[in-house]
>>> print(open('model.txt').read())   # compact mmCIF, C-alpha atoms and all ligand atoms
# COMPACT_ATOMS: atom_id res chain seq x y z
CA MET L 117 -13.43 -125.88 60.22
CA ARG L 118 -12.66 -123.94 57.05
CA THR L 119 -15.65 -122.09 55.64
CA ALA L 120 -16.60 -121.13 52.08
CA LEU L 121 -19.51 -118.96 50.98
CA VAL L 122 -21.20 -119.64 47.64
CA THR L 123 -23.78 -117.22 46.26
CA GLY L 124 -26.12 -119.12 43.96
CA GLY L 125 -25.13 -122.30 45.79
CA ALA L 126 -28.59 -123.82 45.29
CA GLY L 127 -28.28 -123.41 41.53
CA PHE L 128 -26.81 -125.65 38.87
CA ILE L 129 -23.08 -124.89 39.04
CA GLY L 130 -23.24 -123.61 42.63
CA SER L 131 -24.68 -126.85 43.99
CA HIS L 132 -21.96 -128.91 42.29
CA LEU L 133 -19.34 -126.54 43.67
CA THR L 134 -20.91 -126.98 47.13
CA ASP L 135 -20.60 -130.77 46.76
CA ARG L 136 -16.92 -130.42 45.91
CA LEU L 137 -16.18 -128.00 48.76
CA VAL L 138 -17.93 -130.26 51.28
CA ARG L 139 -15.90 -133.23 49.96
CA GLU L 140 -12.74 -131.19 50.44
CA GLY L 141 -13.66 -130.56 54.10
CA TYR L 142 -15.22 -127.09 53.95
CA HIS L 143 -18.34 -125.93 55.69
CA VAL L 144 -20.35 -124.16 52.97
CA VAL L 145 -22.61 -121.17 53.54
CA ILE L 146 -25.04 -120.95 50.64
CA VAL L 147 -26.68 -117.61 49.89
CA ASP L 148 -29.48 -118.00 47.36
CA ASN L 149 -32.85 -116.36 46.71
CA LEU L 150 -34.07 -119.37 44.67
CA ALA L 151 -34.86 -117.21 41.61
CA THR L 152 -33.53 -120.02 39.42
CA GLY L 153 -32.07 -122.42 41.99
CA SER L 154 -33.66 -124.92 44.36
CA TRP L 155 -32.81 -126.20 47.83
CA SER L 156 -33.49 -129.70 46.48
CA ASN L 157 -30.11 -129.45 44.68
CA VAL L 158 -28.33 -129.44 48.05
CA ALA L 159 -30.87 -131.37 50.14
CA HIS L 160 -28.41 -134.28 50.50
CA HIS L 161 -26.12 -132.17 52.74
CA SER L 162 -26.45 -132.11 56.53
CA ARG L 163 -26.74 -128.90 58.55
CA GLU L 164 -23.21 -129.53 59.81
CA ALA L 165 -21.91 -129.45 56.23
CA VAL L 166 -24.04 -126.67 54.74
CA THR L 167 -25.78 -123.56 56.07
CA ARG L 168 -28.59 -122.31 53.86
CA ILE L 169 -29.39 -118.60 53.82
CA ASP L 170 -32.44 -117.60 51.80
CA TRP L 171 -31.31 -114.11 50.78
CA ASP L 172 -31.12 -111.95 47.69
CA ILE L 173 -27.49 -110.86 47.45
CA ILE L 174 -28.55 -107.56 45.81
CA LYS L 175 -29.17 -106.53 49.45
CA PRO L 176 -26.13 -106.20 51.75
CA MET L 177 -25.76 -109.02 54.26
CA ASP L 178 -25.78 -108.57 58.01
CA TRP L 179 -22.44 -109.81 59.39
CA ALA L 180 -24.39 -111.27 62.33
CA ASP L 181 -25.97 -113.79 59.93
CA LEU L 182 -22.55 -115.06 58.85
CA PRO L 183 -19.97 -117.23 60.62
CA GLU L 184 -16.92 -115.76 62.36
CA SER L 185 -14.58 -116.56 59.55
CA ILE L 186 -14.92 -117.18 55.83
CA GLU L 187 -11.90 -118.13 53.71
CA LEU L 188 -13.40 -118.44 50.26
CA VAL L 189 -16.20 -116.60 48.45
CA ALA L 190 -17.52 -117.78 45.08
CA HIS L 191 -20.05 -115.42 43.49
CA LEU L 192 -22.17 -117.50 41.13
CA ALA L 193 -25.63 -116.03 41.75
CA SER L 194 -27.26 -114.97 38.48
CA PRO L 195 -29.78 -116.26 35.99
CA ALA L 196 -27.68 -117.73 33.15
CA SER L 197 -30.13 -119.01 30.55
CA PRO L 198 -31.06 -116.40 27.90
CA VAL L 199 -34.73 -117.25 28.53
CA HIS L 200 -34.36 -116.67 32.27
CA TYR L 201 -32.34 -113.51 32.02
CA ARG L 202 -34.85 -111.98 29.63
CA ARG L 203 -37.66 -112.88 32.05
CA LEU L 204 -35.58 -111.62 35.00
CA ALA L 205 -33.80 -108.78 33.17
CA LEU L 206 -33.74 -106.26 36.01
CA GLU L 207 -32.90 -108.90 38.62
CA THR L 208 -30.02 -110.00 36.36
CA LEU L 209 -28.70 -106.45 36.03
CA TRP L 210 -28.86 -105.94 39.79
CA VAL L 211 -27.42 -109.26 40.89
CA ASN L 212 -24.39 -108.83 38.66
CA SER L 213 -23.83 -105.23 39.76
CA LYS L 214 -25.15 -104.56 43.28
CA GLY L 215 -24.99 -108.28 44.06
CA THR L 216 -21.36 -108.47 42.96
CA GLY L 217 -20.59 -105.42 45.11
CA ASN L 218 -22.17 -107.08 48.15
CA ALA L 219 -20.35 -110.36 47.51
CA LEU L 220 -17.07 -108.45 47.13
CA ASP L 221 -17.77 -106.69 50.43
CA ILE L 222 -18.18 -110.05 52.16
CA ALA L 223 -14.80 -111.19 50.83
CA ARG L 224 -13.23 -107.89 51.85
CA HIS L 225 -14.72 -108.02 55.35
CA PHE L 226 -13.41 -111.55 55.96
CA GLY L 227 -10.16 -111.20 54.01
CA ALA L 228 -11.33 -114.10 51.83
CA ARG L 229 -10.24 -115.24 48.37
CA PHE L 230 -12.94 -114.17 45.87
CA VAL L 231 -13.88 -115.88 42.63
CA LEU L 232 -16.27 -114.12 40.24
CA GLY L 233 -18.32 -116.42 38.02
CA SER L 234 -18.26 -114.45 34.79
CA THR L 235 -19.08 -115.54 31.28
CA SER L 236 -18.02 -115.92 27.68
CA GLU L 237 -20.89 -113.50 26.97
CA THR L 238 -18.47 -110.73 27.94
CA TYR L 239 -17.06 -111.33 24.43
CA GLY L 240 -20.55 -110.84 22.91
CA ASP L 241 -20.61 -111.92 19.26
CA PRO L 242 -16.84 -112.38 18.90
CA GLU L 243 -14.94 -111.24 15.83
CA LEU L 244 -12.11 -113.63 16.48
CA THR L 245 -11.90 -117.27 17.42
CA PRO L 246 -10.88 -118.87 19.70
CA GLN L 247 -11.45 -116.12 22.27
CA LYS L 248 -8.46 -115.15 24.42
CA GLU L 249 -8.92 -113.28 27.70
CA SER L 250 -7.15 -110.26 26.17
CA TYR L 251 -10.02 -109.79 23.66
CA TRP L 252 -12.33 -106.90 24.69
CA GLY L 253 -15.40 -108.29 22.98
CA ASN L 254 -18.16 -107.16 20.67
CA VAL L 255 -21.22 -106.55 22.80
CA ASN L 256 -24.48 -104.77 21.96
CA PRO L 257 -24.98 -102.60 25.06
CA ILE L 258 -28.71 -102.00 24.46
CA GLY L 259 -29.93 -105.30 23.01
CA PRO L 260 -31.97 -108.06 24.68
CA ARG L 261 -28.85 -109.86 25.96
CA ALA L 262 -27.32 -106.67 27.41
CA CYS L 263 -28.91 -107.23 30.84
CA TYR L 264 -26.62 -110.24 31.20
CA ASP L 265 -23.58 -109.34 29.09
CA GLU L 266 -23.16 -105.78 30.31
CA SER L 267 -23.88 -106.51 33.95
CA LYS L 268 -21.29 -109.30 33.90
CA ARG L 269 -18.83 -106.87 32.33
CA PHE L 270 -19.65 -104.33 35.05
CA GLY L 271 -19.08 -107.07 37.64
CA GLU L 272 -15.64 -107.71 36.16
CA ALA L 273 -14.80 -103.99 36.26
CA LEU L 274 -15.96 -103.76 39.87
CA THR L 275 -13.91 -106.80 40.86
CA MET L 276 -10.81 -105.29 39.26
CA GLU L 277 -11.33 -102.06 41.25
CA TYR L 278 -11.63 -104.01 44.52
CA ILE L 279 -8.30 -105.60 43.64
CA ARG L 280 -6.68 -102.23 42.77
CA GLN L 281 -8.14 -100.21 45.62
CA TYR L 282 -8.47 -102.77 48.44
CA ASP L 283 -5.88 -105.32 47.37
CA LEU L 284 -8.61 -107.98 47.41
CA ASP L 285 -7.38 -111.44 46.46
CA ALA L 286 -9.81 -111.97 43.57
CA VAL L 287 -9.92 -114.02 40.36
CA ILE L 288 -12.34 -113.73 37.44
CA LEU L 289 -13.43 -116.87 35.60
CA ARG L 290 -15.27 -116.70 32.27
CA PHE L 291 -17.48 -119.77 31.83
CA PHE L 292 -18.32 -121.19 28.40
CA ASN L 293 -21.60 -123.18 28.14
CA CYS L 294 -21.40 -125.42 31.17
CA TYR L 295 -23.85 -128.37 31.18
CA GLY L 296 -24.77 -131.40 33.26
CA PRO L 297 -27.24 -132.80 35.79
CA ARG L 298 -29.28 -130.23 37.80
CA MET L 299 -29.74 -127.90 34.87
CA GLN L 300 -33.43 -127.12 34.89
CA SER L 301 -35.32 -129.16 32.29
CA GLU L 302 -37.34 -126.08 31.25
CA ASP L 303 -34.65 -123.41 31.40
CA GLY L 304 -34.67 -122.90 27.64
CA ARG L 305 -30.98 -123.49 27.00
CA VAL L 306 -29.93 -125.74 24.17
CA VAL L 307 -28.76 -128.65 26.35
CA PRO L 308 -31.99 -129.24 28.32
CA ASN L 309 -34.16 -128.31 25.33
CA PHE L 310 -32.57 -130.83 22.95
CA ILE L 311 -32.37 -133.60 25.54
CA MET L 312 -35.99 -133.22 26.69
CA GLN L 313 -37.18 -133.03 23.07
CA ALA L 314 -35.20 -136.15 22.11
CA LEU L 315 -36.46 -138.10 25.13
CA ARG L 316 -40.07 -137.10 24.36
CA GLY L 317 -39.70 -138.10 20.69
CA GLU L 318 -40.18 -134.50 19.54
CA ALA L 319 -38.29 -132.54 16.88
CA LEU L 320 -35.22 -130.67 18.15
CA THR L 321 -35.76 -126.91 17.90
CA VAL L 322 -32.72 -125.58 16.02
CA TYR L 323 -32.61 -121.78 15.98
CA GLY L 324 -31.47 -120.26 12.69
CA ASN L 325 -29.48 -122.48 10.33
CA GLY L 326 -27.78 -124.25 13.24
CA LEU L 327 -24.32 -123.30 11.98
CA GLN L 328 -23.60 -121.09 15.00
CA THR L 329 -21.05 -122.75 17.26
CA ARG L 330 -20.69 -123.39 20.98
CA SER L 331 -18.18 -125.30 23.14
CA PHE L 332 -19.70 -127.38 25.92
CA CYS L 333 -17.98 -127.97 29.25
CA TYR L 334 -19.17 -130.71 31.62
CA VAL L 335 -19.96 -129.48 35.11
CA SER L 336 -17.42 -131.63 37.00
CA ASP L 337 -14.63 -130.14 34.85
CA GLU L 338 -16.01 -126.65 35.42
CA VAL L 339 -16.17 -127.14 39.18
CA ASP L 340 -12.61 -128.45 39.23
CA ALA L 341 -11.46 -125.18 37.63
CA ILE L 342 -13.46 -123.10 40.13
CA TYR L 343 -12.04 -125.08 43.04
CA ARG L 344 -8.51 -124.53 41.77
CA ALA L 345 -9.16 -120.79 41.36
CA LEU L 346 -10.49 -120.68 44.92
CA THR L 347 -7.58 -122.50 46.50
CA LEU L 348 -4.38 -122.00 44.46
CA THR L 349 -2.21 -119.04 45.38
CA GLY L 350 -0.76 -116.29 43.18
CA LEU L 351 -3.83 -115.72 41.02
CA LYS L 352 -4.83 -112.24 42.19
CA GLY L 353 -6.19 -110.16 39.30
CA GLN L 354 -6.17 -112.99 36.78
CA VAL L 355 -8.99 -113.39 34.27
CA ILE L 356 -9.26 -116.97 33.05
CA ASN L 357 -11.46 -118.70 30.46
CA VAL L 358 -13.01 -121.93 31.69
CA GLY L 359 -14.46 -124.10 28.96
CA ASN L 360 -13.93 -126.99 26.62
CA PRO L 361 -12.07 -125.91 23.46
CA GLU L 362 -13.93 -128.51 21.37
CA GLU L 363 -16.12 -126.26 19.23
CA ARG L 364 -19.14 -127.61 17.35
CA THR L 365 -22.13 -126.34 15.45
CA ILE L 366 -25.56 -126.48 17.06
CA LEU L 367 -26.66 -128.82 14.25
CA ASP L 368 -23.82 -131.19 15.10
CA PHE L 369 -24.76 -130.93 18.76
CA ALA L 370 -28.36 -131.87 17.85
CA GLU L 371 -27.02 -134.97 16.05
CA GLN L 372 -24.98 -136.01 19.10
CA VAL L 373 -27.95 -135.60 21.46
CA ALA L 374 -30.24 -137.64 19.17
CA ARG L 375 -27.61 -140.37 18.70
CA ILE L 376 -26.81 -140.75 22.39
CA SER L 377 -30.52 -140.62 23.31
CA GLY L 378 -31.10 -143.44 20.79
CA VAL L 379 -33.60 -141.58 18.59
CA ALA L 380 -33.64 -140.54 14.93
CA LEU L 381 -32.87 -136.84 14.52
CA GLN L 382 -35.87 -134.67 13.67
CA VAL L 383 -35.27 -130.93 13.37
CA ALA L 384 -37.75 -128.04 13.67
CA GLU L 385 -36.16 -124.80 12.45
CA LEU L 386 -37.06 -121.72 14.49
CA PRO L 387 -35.85 -118.12 14.09
CA LEU L 388 -32.44 -117.20 15.47
CA PRO L 389 -32.83 -115.00 18.59
CA VAL L 390 -31.61 -111.40 18.29
CA ASP L 391 -27.84 -110.99 18.96
CA ASP L 392 -27.30 -114.75 19.28
CA PRO L 393 -23.48 -115.10 19.03
CA THR L 394 -22.36 -116.77 15.80
CA ASN L 395 -19.40 -118.54 17.39
CA ARG L 396 -17.90 -119.26 20.77
CA CYS L 397 -14.78 -121.19 21.63
CA PRO L 398 -12.38 -120.62 24.52
CA ASP L 399 -8.63 -120.33 24.28
CA ILE L 400 -7.70 -122.16 27.51
CA GLN L 401 -3.95 -121.63 27.54
CA LYS L 402 -4.20 -119.47 30.66
CA ALA L 403 -6.28 -122.10 32.49
CA ARG L 404 -3.70 -124.74 31.54
CA THR L 405 -0.79 -122.64 32.77
CA LEU L 406 -2.27 -120.92 35.83
CA LEU L 407 -4.71 -123.55 37.09
CA GLY L 408 -3.01 -126.68 35.74
CA TRP L 409 -6.45 -127.44 34.37
CA GLU L 410 -8.04 -128.74 31.22
CA PRO L 411 -11.35 -130.52 30.67
CA LYS L 412 -11.32 -134.30 31.03
CA VAL L 413 -14.93 -135.34 30.34
CA SER L 414 -15.78 -136.02 26.69
CA LEU L 415 -19.07 -134.82 25.19
CA GLN L 416 -20.11 -138.48 24.88
CA GLU L 417 -19.61 -139.17 28.62
CA GLY L 418 -21.04 -135.83 29.71
CA LEU L 419 -24.14 -136.18 27.54
CA GLU L 420 -24.73 -139.77 28.69
CA ALA L 421 -24.78 -138.62 32.34
CA THR L 422 -26.94 -135.58 31.56
CA ILE L 423 -29.45 -137.55 29.48
CA GLU L 424 -29.72 -140.10 32.29
CA TYR L 425 -30.50 -137.27 34.73
CA PHE L 426 -33.21 -135.82 32.48
CA ARG L 427 -34.99 -139.16 31.89
CA ALA L 428 -37.00 -138.76 35.11
CA PHE L 429 -38.26 -135.32 33.98
CA ALA L 430 -39.18 -136.52 30.48
CA ARG L 431 -41.56 -139.12 31.99
CA LEU L 432 -43.53 -136.44 33.88
N1 LIG L 501 -30.45 -122.97 20.60
C1 LIG L 501 -31.13 -123.73 19.68
N2 LIG L 501 -32.27 -124.37 20.10
C2 LIG L 501 -32.74 -124.29 21.36
C3 LIG L 501 -32.02 -123.50 22.30
C4 LIG L 501 -30.89 -122.83 21.87
O1 LIG L 501 -30.74 -123.86 18.51
O2 LIG L 501 -33.78 -124.91 21.66
C5 LIG L 501 -29.20 -122.32 20.16
C6 LIG L 501 -29.11 -120.83 20.49
O3 LIG L 501 -29.68 -120.06 19.45
C7 LIG L 501 -27.60 -120.64 20.62
C8 LIG L 501 -27.11 -121.98 21.16
O4 LIG L 501 -28.13 -122.93 20.86
O5 LIG L 501 -27.02 -120.39 19.36
C9 LIG L 501 -26.84 -121.98 22.65
O6 LIG L 501 -27.96 -121.41 23.27
P1 LIG L 501 -28.17 -121.41 24.84
O7 LIG L 501 -29.49 -120.79 25.09
O8 LIG L 501 -27.93 -122.76 25.41
O9 LIG L 501 -27.02 -120.50 25.44
P2 LIG L 501 -26.08 -119.33 24.88
O10 LIG L 501 -24.81 -120.01 24.50
O11 LIG L 501 -26.72 -118.65 23.71
O12 LIG L 501 -25.93 -118.42 26.03
>>> encode(input="model.txt", output="structure tokens", more="lines below")
Ligand code: UDP
Amino acid sequence: MRTALVTGGAGFIGSHLTDRLVREGYHVVIVDNLATGSWSNVAHHSREAVTRIDWDIIKPMDWADLPESIELVAHLASPASPVHYRRLALETLWVNSKGTGNALDIARHFGARFVLGSTSETYGDPELTPQKESYWGNVNPIGPRACYDESKRFGEALTMEYIRQYDLDAVILRFFNCYGPRMQSEDGRVVPNFIMQALRGEALTVYGNGLQTRSFCYVSDEVDAIYRALTLTGLKGQVINVGNPEERTILDFAEQVARISGVALQVAELPLPVDDPTNRCPDIQKARTLLGWEPKVSLQEGLEATIEYFRAFARL
């Protein structure tokens, strides 16, 4: 049986990727320390389909704990919510640096294809829009978001060196605001915050004037791009944006969440966090050309499914 290893496979995106890989006939080895993930996200898989390893990837793995062959490695382990990566700042720095090194070593040892889950945060607060992969970014290296932004940038640099020095077959994907079921209801990001607030009849907490923009990509679209990057050939050394190019303001997003939740919009204005990017929108020409990919799920459909998922949590 073909085997894939997913770091962060018990997390939000990682568990959906695991579902897809299992559907495609892979055995999936999940390496996760449950810092922000949960085994409940993958509890529906049998032991034949999925091996769970409770391990912090900042420590090197013992080959004896791994199967004889691994064809694909997806490195997705990292806190991703600004609230979580502030709380876990050092863990975030280490998982995206040492952790990326250890994940790269696994791919190198097994001769596997490697996909790095990177981020639009590598562009920081961008001075141009939409963001192309060729843009070097505008990142504050010492601010409160640096633990995430700079460690992801280091992870990209490290991945490129493994390609140059060891000829590793690796691809870097930069994710733009992925959302969907299995996000944590309390993770502090705008999607769970607004949905939980709407479902509880509370005001939606808009930070700043709400005119900052984001582009939201539904998780099944995101996973489809990751799967393509893991399995298509000829992608070595490519850096590819993965996101939905439909850009909207946070205020507009609040309106959509309230409308689809069936409640009147109430807004509570809170201060804008330090270094919060003013705009974010992917140029996805490379994803279209290299992966044959573009998002298919509309915000309406994606939010309906996500709101449905969060209803159970709002009743608690
Ligand atoms: N945001 C907001 N209210 C919230 C949470 C976030 O207005 O309750 C804003 C935040 O300031 C940012 C955007 O929504 O401009 C997206 O924030 P999120 O934390 O989801 O992720 P980011 O894109 O900043 O990494």
>>> closest_atom_pairs(input="model.txt", of="chain L", to="ligand LIG 501 (chain L)", cutoff="10 Å", atoms="all atoms listed in the file", output="CSV")
residue,atom,partner,partner_atom,distance
L:Ala196,CA,L:LIG501,O12,7.4
L:Ser197,CA,L:LIG501,O7,5.8
L:Pro198,CA,L:LIG501,O7,5.4
L:Val199,CA,L:LIG501,O7,7.2
L:His200,CA,L:LIG501,O7,9.6
L:Thr235,CA,L:LIG501,O12,9.1
L:Ser236,CA,L:LIG501,O12,8.5
L:Glu237,CA,L:LIG501,O12,7.1
L:Gly240,CA,L:LIG501,O12,9.8
L:Arg261,CA,L:LIG501,O12,9.0
L:Tyr264,CA,L:LIG501,O12,9.7
L:Asp265,CA,L:LIG501,O12,9.9
L:Phe292,CA,L:LIG501,O10,7.7
L:Asn293,CA,L:LIG501,O10,5.8
L:Cys294,CA,L:LIG501,O8,9.1
L:Tyr295,CA,L:LIG501,O8,9.0
L:Asp303,CA,L:LIG501,O7,8.6
L:Gly304,CA,L:LIG501,C3,6.0
L:Arg305,CA,L:LIG501,O8,3.5
L:Val306,CA,L:LIG501,C3,3.6
L:Val307,CA,L:LIG501,O8,6.0
L:Pro308,CA,L:LIG501,O2,8.1
L:Asn309,CA,L:LIG501,O2,5.0
L:Phe310,CA,L:LIG501,O2,6.2
L:Ile311,CA,L:LIG501,O2,9.6
L:Met312,CA,L:LIG501,O2,10.0
L:Gln313,CA,L:LIG501,O2,8.9
L:Leu320,CA,L:LIG501,O2,6.9
L:Thr321,CA,L:LIG501,O2,4.7
L:Val322,CA,L:LIG501,O1,3.6
L:Tyr323,CA,L:LIG501,O1,3.8
L:Gly324,CA,L:LIG501,O1,6.9
L:Asn325,CA,L:LIG501,O1,8.4
L:Gly326,CA,L:LIG501,O1,6.1
L:Leu327,CA,L:LIG501,O5,8.4
L:Gln328,CA,L:LIG501,O5,5.6
L:Thr329,CA,L:LIG501,O5,6.8
L:Arg330,CA,L:LIG501,O10,6.4
L:Ser331,CA,L:LIG501,O10,8.6
L:Phe332,CA,L:LIG501,O10,9.1
L:Thr365,CA,L:LIG501,O5,8.6
L:Ile366,CA,L:LIG501,O4,5.8
L:Leu367,CA,L:LIG501,O1,7.7
L:Phe369,CA,L:LIG501,O4,8.9
L:Ala370,CA,L:LIG501,O1,8.4
L:Val383,CA,L:LIG501,O1,9.8
L:Ala384,CA,L:LIG501,N2,9.2
L:Glu385,CA,L:LIG501,O1,8.2
L:Leu386,CA,L:LIG501,O1,7.8
L:Pro387,CA,L:LIG501,O3,8.4
L:Leu388,CA,L:LIG501,O3,5.6
L:Pro389,CA,L:LIG501,O3,6.0
L:Val390,CA,L:LIG501,O3,8.9
L:Asp391,CA,L:LIG501,O11,9.1
L:Asp392,CA,L:LIG501,O5,5.6
L:Pro393,CA,L:LIG501,O5,6.4
L:Thr394,CA,L:LIG501,O5,6.9
L:Asn395,CA,L:LIG501,O5,8.1
L:Arg396,CA,L:LIG501,O10,7.9
>>> closest_residue(input="model.txt", among="L:Asp170, L:Glu410, L:Glu338, L:Glu371", to="Arg290 in chain L", atoms="all atoms listed in the file")
L:Glu338
>>> atom_distance(input="model.txt", atom1="CA of Phe128 in chain L", atom2="CA of Val189 in chain L")
16.9 Å
>>> closest_residue(input="model.txt", among="L:Ala165, L:Cys397, L:Ile129, L:Ala180", to="Pro195 in chain L", atoms="only C-alpha atoms")
L:Ile129
>>> closest_residue(input="model.txt", among="L:Leu381, L:Ala219, L:Leu415, L:Leu209", to="His191 in chain L", atoms="all atoms listed in the file")
L:Ala219
>>> closest_residue(input="model.txt", among="L:Asn157, L:Asp340, L:Thr422, L:Arg224", to="Glu140 in chain L", atoms="all atoms listed in the file")
L:Asp340
>>> residues_near_point(input="model.txt", point="(-33.4, -119.6, 46.8)", cutoff="10 Å", atoms="all atoms listed in the file", output="NGL selection string")
:L and (123-127 or 146-155 or 168-172 or 193)
>>> closest_residue(input="model.txt", among="L:Ser414, L:Thr245, L:Thr405, L:Ser267", to="Glu207 in chain L", atoms="all atoms listed in the file")
L:Ser267
>>> atom_distance(input="model.txt", atom1="CA of Ile173 in chain L", atom2="CA of Val339 in chain L")
21.5 Å
>>> decode(input="model.txt", residues="range 137-160 of chain L", atoms="N, CA and C atoms", output="PDB file, in the first residue's frame")
ATOM      1  N   LEU L 137      -6.491  11.608   1.343  1.00  0.00           N
ATOM      2  CA  LEU L 137      -5.460  10.610   1.033  1.00  0.00           C
ATOM      3  C   LEU L 137      -5.990   9.191   1.253  1.00  0.00           C
ATOM      4  N   VAL L 138      -6.749   9.003   2.319  1.00  0.00           N
ATOM      5  CA  VAL L 138      -7.328   7.679   2.584  1.00  0.00           C
ATOM      6  C   VAL L 138      -8.290   7.316   1.445  1.00  0.00           C
ATOM      7  N   ARG L 139      -9.113   8.290   1.036  1.00  0.00           N
ATOM      8  CA  ARG L 139     -10.041   8.036  -0.093  1.00  0.00           C
ATOM      9  C   ARG L 139      -9.293   7.660  -1.368  1.00  0.00           C
ATOM     10  N   GLU L 140      -8.109   8.216  -1.530  1.00  0.00           N
ATOM     11  CA  GLU L 140      -7.320   7.946  -2.739  1.00  0.00           C
ATOM     12  C   GLU L 140      -6.507   6.655  -2.612  1.00  0.00           C
ATOM     13  N   GLY L 141      -6.649   5.952  -1.472  1.00  0.00           N
ATOM     14  CA  GLY L 141      -6.006   4.645  -1.331  1.00  0.00           C
ATOM     15  C   GLY L 141      -4.685   4.648  -0.581  1.00  0.00           C
ATOM     16  N   TYR L 142      -4.343   5.755   0.065  1.00  0.00           N
ATOM     17  CA  TYR L 142      -3.091   5.810   0.836  1.00  0.00           C
ATOM     18  C   TYR L 142      -3.320   5.361   2.269  1.00  0.00           C
ATOM     19  N   HIS L 143      -2.267   4.750   2.839  1.00  0.00           N
ATOM     20  CA  HIS L 143      -2.216   4.621   4.287  1.00  0.00           C
ATOM     21  C   HIS L 143      -1.589   5.920   4.793  1.00  0.00           C
ATOM     22  N   VAL L 144      -2.158   6.527   5.824  1.00  0.00           N
ATOM     23  CA  VAL L 144      -1.646   7.815   6.286  1.00  0.00           C
ATOM     24  C   VAL L 144      -1.051   7.684   7.686  1.00  0.00           C
ATOM     25  N   VAL L 145       0.201   8.116   7.809  1.00  0.00           N
ATOM     26  CA  VAL L 145       0.850   8.199   9.112  1.00  0.00           C
ATOM     27  C   VAL L 145       0.701   9.642   9.579  1.00  0.00           C
ATOM     28  N   ILE L 146       0.006   9.824  10.681  1.00  0.00           N
ATOM     29  CA  ILE L 146      -0.181  11.176  11.216  1.00  0.00           C
ATOM     30  C   ILE L 146       0.802  11.396  12.357  1.00  0.00           C
ATOM     31  N   VAL L 147       1.551  12.494  12.270  1.00  0.00           N
ATOM     32  CA  VAL L 147       2.442  12.883  13.366  1.00  0.00           C
ATOM     33  C   VAL L 147       1.893  14.197  13.915  1.00  0.00           C
ATOM     34  N   ASP L 148       1.477  14.172  15.179  1.00  0.00           N
ATOM     35  CA  ASP L 148       0.845  15.368  15.743  1.00  0.00           C
ATOM     36  C   ASP L 148       1.073  15.378  17.242  1.00  0.00           C
ATOM     37  N   ASN L 149       1.350  16.553  17.811  1.00  0.00           N
ATOM     38  CA  ASN L 149       1.518  16.622  19.274  1.00  0.00           C
ATOM     39  C   ASN L 149       0.265  17.189  19.951  1.00  0.00           C
ATOM     40  N   LEU L 150      -0.784  17.405  19.165  1.00  0.00           N
ATOM     41  CA  LEU L 150      -2.094  17.852  19.669  1.00  0.00           C
ATOM     42  C   LEU L 150      -2.036  19.225  20.333  1.00  0.00           C
ATOM     43  N   ALA L 151      -1.056  20.051  19.951  1.00  0.00           N
ATOM     44  CA  ALA L 151      -0.984  21.409  20.514  1.00  0.00           C
ATOM     45  C   ALA L 151      -2.229  22.196  20.120  1.00  0.00           C
ATOM     46  N   THR L 152      -2.648  22.048  18.875  1.00  0.00           N
ATOM     47  CA  THR L 152      -3.904  22.698  18.453  1.00  0.00           C
ATOM     48  C   THR L 152      -4.823  21.716  17.714  1.00  0.00           C
ATOM     49  N   GLY L 153      -4.386  20.494  17.534  1.00  0.00           N
ATOM     50  CA  GLY L 153      -5.220  19.499  16.854  1.00  0.00           C
ATOM     51  C   GLY L 153      -5.882  18.560  17.844  1.00  0.00           C
ATOM     52  N   SER L 154      -6.637  17.589  17.327  1.00  0.00           N
ATOM     53  CA  SER L 154      -7.322  16.637  18.196  1.00  0.00           C
ATOM     54  C   SER L 154      -7.512  15.324  17.443  1.00  0.00           C
ATOM     55  N   TRP L 155      -7.271  14.212  18.149  1.00  0.00           N
ATOM     56  CA  TRP L 155      -7.487  12.911  17.497  1.00  0.00           C
ATOM     57  C   TRP L 155      -8.939  12.735  17.094  1.00  0.00           C
ATOM     58  N   SER L 156      -9.853  13.470  17.726  1.00  0.00           N
ATOM     59  CA  SER L 156     -11.273  13.310  17.356  1.00  0.00           C
ATOM     60  C   SER L 156     -11.506  13.690  15.883  1.00  0.00           C
ATOM     61  N   ASN L 157     -10.624  14.528  15.320  1.00  0.00           N
ATOM     62  CA  ASN L 157     -10.781  14.915  13.911  1.00  0.00           C
ATOM     63  C   ASN L 157     -10.547  13.752  12.947  1.00  0.00           C
ATOM     64  N   VAL L 158      -9.849  12.722  13.427  1.00  0.00           N
ATOM     65  CA  VAL L 158      -9.548  11.583  12.538  1.00  0.00           C
ATOM     66  C   VAL L 158     -10.039  10.263  13.157  1.00  0.00           C
ATOM     67  N   ALA L 159     -10.923  10.391  14.162  1.00  0.00           N
ATOM     68  CA  ALA L 159     -11.384   9.193  14.886  1.00  0.00           C
ATOM     69  C   ALA L 159     -12.187   8.258  13.991  1.00  0.00           C
ATOM     70  N   HIS L 160     -12.700   8.767  12.864  1.00  0.00           N
ATOM     71  CA  HIS L 160     -13.525   7.938  11.972  1.00  0.00           C
ATOM     72  C   HIS L 160     -12.679   6.992  11.119  1.00  0.00           C
TER      73      HIS L 160
END
